[in-house]
Amino acid sequence: MFRKAVLITTVVMLFGLVITVAAERHVASKGGKYIVSPPDYPKMQAAIVLGAYVHPGGSLSHMLADRVKTAVELYEEGYVDKILMTGDNGRIDYDEVNYMRLYAENLGVPTEDIFMDHAGFSTYDSMYRAREIFQVHSAVVVTQAFHLPRATYTARAMGIDAVGVGADKHVYAGASFYELREVAARIKAFLQIHVIKSKPRFLGEVLPIEGDGRVTHDDFARVNARDK
């Protein structure tokens, strides 16, 4: 009886492992099919820039600065008409999206062409809200190579005609850690999309990406604009 129980447990564990590995590989391979490089960039509505760490004082981490720079390049070259900055602005003392916007403005992007999603707390939330709140139908997803398959897969699962563009302008500290963590993140993404089907922490009123990005400005942005 004991041996039978051990055998059943082992089989169940192996089956679970196979399913888990298959889910992770599915996200990686399917998302990876839509990663593009020049000169194959298609014309899209917007670049979706996924947030990352912002240092105290507002300077962007190298990883985030490279994402914003890449999106600005796409905008300047006419591949996108708008830029959607999506990240964590869930606390008064931490703000990714306004500093991302300021960085892009300093690189020459008109503020009205920059939308901010203050509740992009995860890749899943960002893509869900891009489609539901900002009515994004086609997009270039901008992030680092390790993140691109999951981000692009998630965007497409939300109904966005999305491609991914890498923003790897440097070699980043902790790259091996990010690669390893991404394996678990791809499994989580598969479960969120196909099993749990959760909604983001916040939704809200519709703010179409074709409009004026200043509708997404908060007090931080308005004070900054007034002081210019």
# chains A, B, ... in the order shown; residues from 1 in each chain; ligands from 1

call {"tool": "closest_atom_pairs", "arguments": {"of": "region 55-174 of chain A", "to": "region 30-39 of chain A", "cutoff": "6 Å", "atoms": "only C-alpha atoms", "output": "CSV"}}
result
residue,atom,partner,partner_atom,distance
A:Pro149,CA,A:Gly31,CA,4.1
A:Arg150,CA,A:Gly31,CA,6.0
A:Thr152,CA,A:Gly31,CA,5.3
A:Tyr153,CA,A:Gly31,CA,4.2
A:Val163,CA,A:Tyr34,CA,4.9
A:Gly164,CA,A:Ile35,CA,4.4
A:Val165,CA,A:Val36,CA,5.8

call {"tool": "closest_atom_pairs", "arguments": {"of": "region 3-92 of chain A", "to": "region 101-117 of chain A", "cutoff": "12 Å", "atoms": "only C-alpha atoms", "output": "CSV"}}
result
residue,atom,partner,partner_atom,distance
A:Gln45,CA,A:Asp113,CA,11.1
A:Ala46,CA,A:Asp113,CA,9.4
A:Ala47,CA,A:Ile114,CA,9.7
A:Ile48,CA,A:Phe115,CA,9.5
A:Val49,CA,A:Met116,CA,9.8
A:Leu50,CA,A:Asp117,CA,9.8
A:Gly51,CA,A:Asp117,CA,9.8
A:Val54,CA,A:Tyr103,CA,11.5
A:Gly58,CA,A:Leu102,CA,9.6
A:Ser59,CA,A:Tyr103,CA,8.8
A:Leu60,CA,A:Tyr103,CA,8.3
A:Ser61,CA,A:Tyr103,CA,11.6
A:Leu64,CA,A:Tyr103,CA,10.1
A:Ala65,CA,A:Tyr103,CA,7.8
A:Asp66,CA,A:Tyr103,CA,10.6
A:Arg67,CA,A:Ala104,CA,10.2
A:Val68,CA,A:Ala104,CA,6.4
A:Lys69,CA,A:Ala104,CA,7.2
A:Thr70,CA,A:Ala104,CA,10.0
A:Ala71,CA,A:Ala104,CA,8.5
A:Val72,CA,A:Ala104,CA,6.5
A:Glu73,CA,A:Leu107,CA,9.5
A:Leu74,CA,A:Val109,CA,11.0
A:Tyr75,CA,A:Val109,CA,8.0
A:Glu76,CA,A:Val109,CA,8.1
A:Glu77,CA,A:Val109,CA,11.8
A:Gly78,CA,A:Val109,CA,12.0
A:Val80,CA,A:Asp113,CA,10.0
A:Asp81,CA,A:Asp113,CA,7.1
A:Lys82,CA,A:Asp113,CA,4.9
A:Ile83,CA,A:Ile114,CA,4.9
A:Leu84,CA,A:Phe115,CA,4.7
A:Met85,CA,A:Met116,CA,4.8
A:Thr86,CA,A:Asp117,CA,4.5
A:Gly87,CA,A:Asp117,CA,6.5
A:Asp88,CA,A:Asp117,CA,8.4
A:Asn89,CA,A:Asp117,CA,8.5
A:Gly90,CA,A:Asp117,CA,10.8

call {"tool": "closest_residue", "arguments": {"among": "A:Ala173, A:Ala130, A:Met158, A:Ala189", "to": "Glu24 (chain A)", "atoms": "only C-alpha atoms"}}
result
A:Ala189

call {"tool": "atom_distance", "arguments": {"atom1": "CA of Ala151 (chain A)", "atom2": "CA of Arg25 (chain A)"}}
result
14.1 Å

call {"tool": "residues_around", "arguments": {"residues": "Phe220 (chain A)", "least_positions_apart": "5", "cutoff": "12 Å", "atoms": "only C-alpha atoms", "output": "list in words"}}
result
Asn89, Ile92, Asp93, Tyr94, Asp95, Glu96, Val97, Asn98, Tyr99, Arg101, Leu102, Met116, His118, Arg214, Ala225, Arg226 and Asp227 of chain A

call {"tool": "select_by_dssp", "arguments": {"residues": "region 36-152 of chain A", "states": "alpha helix (DSSP H)", "output": "PyMOL selection string"}}
result
chain A and resi 62-76+97-106+123-132+148-152

call {"tool": "atom_distance", "arguments": {"atom1": "CA of Val206 (chain A)", "atom2": "CA of Val136 (chain A)"}}
result
10.8 Å

call {"tool": "closest_residue", "arguments": {"among": "A:His62, A:Glu210, A:Arg156, A:Leu180", "to": "Asp168 (chain A)", "atoms": "only C-alpha atoms"}}
result
A:His62

call {"tool": "closest_residue", "arguments": {"among": "A:His137, A:Arg91, A:His55, A:Lys188", "to": "Thr20 (chain A)", "atoms": "only C-alpha atoms"}}
result
A:Lys188

call {"tool": "closest_residue", "arguments": {"among": "A:Arg201, A:His217, A:His26, A:Arg131", "to": "Ala162 (chain A)", "atoms": "only C-alpha atoms"}}
result
A:Arg131

call {"tool": "residues_around", "arguments": {"residues": "Asp125 (chain A)", "least_positions_apart": "2", "cutoff": "10 Å", "atoms": "only C-alpha atoms", "output": "list in words"}}
result
Thr86, Gly87, Asp117, Ala119, Gly120, Phe121, Ser122, Thr123, Met127, Tyr128, Arg129, Ala130, Thr154, Ser198, Lys199, Pro200, Arg201, Phe202 and Leu203 of chain A

call {"tool": "atom_distance", "arguments": {"atom1": "CA of Phe134 (chain A)", "atom2": "CA of Ile209 (chain A)"}}
result
5.2 Å
